[in-house]
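Notes follow the structure.
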Amino acid sequence: MKSLDKQQGYTLIELMIAMAILGLLAGLAIPTYMRYQAKARQAEAATNLGAIFVTETAFFGEAARYSNFTEAGFSLAAASNRFTYRAEQTTSAGLATGAVQVISAAIGPVTPDNTIVPARSNLQQFTATATANLDEDATIDQWHVDDVKRGLTTPDNNDITS
């Protein structure tokens, strides 16, 4: 039989040092991961606003005006959106009504419309917006697309950094 006198293990100090190193690494990695995850979720806004642009352009070709999501025929493919989308309705003559249609966020809070770039539509132009608070801070992140496809690559208001 082997003698128990030769058994070795880790001391309490060695275990505490290992735990401190793991805690430090986790403290550095988790915020970076959260920012990366929030930036990846921004792709939803660009994709859906691109689809809104295509839908509004097709509706303009048929009706010679822009309008809200329902009238133009836009709907989200799935109920897993994190952004709140807005578009303004127009009359059959293409006049803005001031009534903004909202597609609410299914995941997360419904965010208010920022006034940086408001949702609007009329005979000649449209702007649809997407707002969310992906990083859960005081700054609401907003994107938009308009009739000349501006706004898809640069957010209006965004504090998520890489």
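Identifiers for the structure tokens are assigned positionally: chains receive A, B, ... in sequence, residues are indexed from 1 per chain, and ligands are indexed from 1 in the order shown.
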Interface rows for segment 11-85 of chain A against segment 89-101 of chain A: nearest pair, Å to one decimal, 9 Å, only C-alpha atoms, as a Markdown table:
| residue | atom | partner | partner_atom | distance |
| --- | --- | --- | --- | --- |
| A:Ala63 | CA | A:Ser92 | CA | 8.4 |
| A:Ala64 | CA | A:Gly94 | CA | 8.1 |
| A:Arg65 | CA | A:Gly94 | CA | 5.4 |
| A:Tyr66 | CA | A:Gly94 | CA | 6.9 |
| A:Ser67 | CA | A:Gln89 | CA | 4.6 |
| A:Asn68 | CA | A:Gln89 | CA | 4.5 |
| A:Phe69 | CA | A:Gln101 | CA | 7.1 |
| A:Thr70 | CA | A:Gln101 | CA | 8.3 |
| A:Glu71 | CA | A:Gln89 | CA | 8.0 |
| A:Tyr85 | CA | A:Gln101 | CA | 8.2 |
For segment 120-135 of chain A, find every residue with an atom within 9 Å (counting only C-alpha atoms), except residues of its own chain fewer than 3 positions away, and show them as a PyMOL selection string. chain A and resi 34-35+38-39+41-42+45-46+48-49+52-53+56+60+64-68+82-91+93-98+100+105+108-114+117+138-148+159-160
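When atom CA of Thr55 of chain A is paired with atom CA of Ser75 of chain A, their separation reads 9.5 Å.
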(request) Give me, please, the distance in Å between atom CA of Asn157 of chain A and atom CA of Phe59 of chain A, quoted to one decimal. (result)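 Between atom CA of Asn157 of chain A and atom CA of Phe59 of chain A the gap is 28.3 Å.
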Practice item. May I have all residues of chain A that DSSP, computed from the backbone, assigns to strand (DSSP E), given as a PyMOL selection string? Key: chain A and resi 84-90+96-103+120-121+126-132+141-146
Would you save the residues from that selection as a short mmCIF file (atom, residue, chain, number, x, y, z; two decimals), in the first residue's frame, using N, CA and C atoms?
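After the write, part_14.cif holds the following:
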data_model
loop_
_atom_site.label_atom_id
_atom_site.label_comp_id
_atom_site.auth_asym_id
_atom_site.auth_seq_id
_atom_site.Cartn_x
_atom_site.Cartn_y
_atom_site.Cartn_z
N THR A 84 -38.35 49.36 -32.24
CA THR A 84 -39.68 49.91 -32.46
C THR A 84 -39.61 50.69 -33.77
N TYR A 85 -40.46 50.34 -34.73
CA TYR A 85 -40.44 50.96 -36.05
C TYR A 85 -41.61 51.92 -36.20
N ARG A 86 -41.37 53.04 -36.90
CA ARG A 86 -42.41 54.06 -37.10
C ARG A 86 -42.41 54.55 -38.54
N ALA A 87 -43.63 54.80 -39.06
CA ALA A 87 -43.83 55.42 -40.37
C ALA A 87 -45.12 56.21 -40.33
N GLU A 88 -45.16 57.32 -41.05
CA GLU A 88 -46.34 58.18 -41.05
C GLU A 88 -47.29 57.81 -42.18
N GLN A 89 -48.57 57.91 -41.92
CA GLN A 89 -49.59 57.62 -42.93
C GLN A 89 -49.86 58.87 -43.76
N THR A 90 -50.26 58.65 -45.02
CA THR A 90 -50.67 59.76 -45.89
C THR A 90 -52.09 59.54 -46.38
N ALA A 96 -49.53 64.37 -45.71
CA ALA A 96 -49.22 63.79 -44.42
C ALA A 96 -50.39 63.96 -43.46
N THR A 97 -50.71 62.91 -42.73
CA THR A 97 -51.83 62.97 -41.78
C THR A 97 -51.37 63.27 -40.36
N GLY A 98 -50.11 63.07 -40.09
CA GLY A 98 -49.61 63.23 -38.72
C GLY A 98 -49.78 61.98 -37.89
N ALA A 99 -50.51 60.99 -38.40
CA ALA A 99 -50.72 59.72 -37.69
C ALA A 99 -49.53 58.80 -37.98
N VAL A 100 -48.80 58.46 -36.95
CA VAL A 100 -47.63 57.62 -37.11
C VAL A 100 -47.97 56.20 -36.70
N GLN A 101 -47.73 55.26 -37.60
CA GLN A 101 -47.96 53.84 -37.29
C GLN A 101 -46.72 53.30 -36.59
N VAL A 102 -46.94 52.53 -35.54
CA VAL A 102 -45.85 51.99 -34.74
C VAL A 102 -45.91 50.47 -34.78
N ILE A 103 -44.78 49.84 -35.09
CA ILE A 103 -44.62 48.40 -34.91
C ILE A 103 -43.76 48.26 -33.66
N ARG A 120 -41.84 60.36 -41.15
CA ARG A 120 -42.73 61.22 -41.92
C ARG A 120 -42.96 60.61 -43.30
N SER A 121 -44.06 60.98 -43.93
CA SER A 121 -44.38 60.55 -45.29
C SER A 121 -45.20 61.63 -45.96
N PHE A 126 -40.39 60.00 -47.84
CA PHE A 126 -40.74 59.27 -46.62
C PHE A 126 -39.49 59.08 -45.77
N THR A 127 -39.70 58.96 -44.49
CA THR A 127 -38.65 58.58 -43.55
C THR A 127 -39.28 57.62 -42.56
N ALA A 128 -38.69 56.44 -42.41
CA ALA A 128 -39.11 55.46 -41.42
C ALA A 128 -37.99 55.35 -40.39
N THR A 129 -38.36 55.18 -39.12
CA THR A 129 -37.36 55.13 -38.06
C THR A 129 -37.40 53.80 -37.31
N ALA A 130 -36.29 53.49 -36.68
CA ALA A 130 -36.18 52.33 -35.80
C ALA A 130 -35.48 52.80 -34.54
N THR A 131 -36.10 52.56 -33.38
CA THR A 131 -35.49 52.95 -32.11
C THR A 131 -35.45 51.75 -31.17
N ALA A 132 -34.40 51.72 -30.35
CA ALA A 132 -34.25 50.65 -29.35
C ALA A 132 -33.26 51.13 -28.30
N ASP A 141 -31.04 54.39 -28.98
CA ASP A 141 -30.37 54.23 -30.27
C ASP A 141 -31.41 54.35 -31.38
N GLN A 142 -31.14 55.21 -32.36
CA GLN A 142 -32.10 55.43 -33.44
C GLN A 142 -31.41 55.31 -34.80
N TRP A 143 -32.12 54.69 -35.71
CA TRP A 143 -31.71 54.56 -37.11
C TRP A 143 -32.88 55.04 -37.96
N HIS A 144 -32.62 55.38 -39.21
CA HIS A 144 -33.71 55.75 -40.12
C HIS A 144 -33.32 55.39 -41.55
N VAL A 145 -34.33 55.36 -42.40
CA VAL A 145 -34.12 55.25 -43.84
C VAL A 145 -35.11 56.20 -44.49
N ASP A 146 -34.69 56.80 -45.59
CA ASP A 146 -35.60 57.72 -46.29
C ASP A 146 -35.71 57.31 -47.75
#
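Interatomic distance, atom CA of Phe74 of chain A to atom CA of Ala51 of chain A: 7.9 Å.
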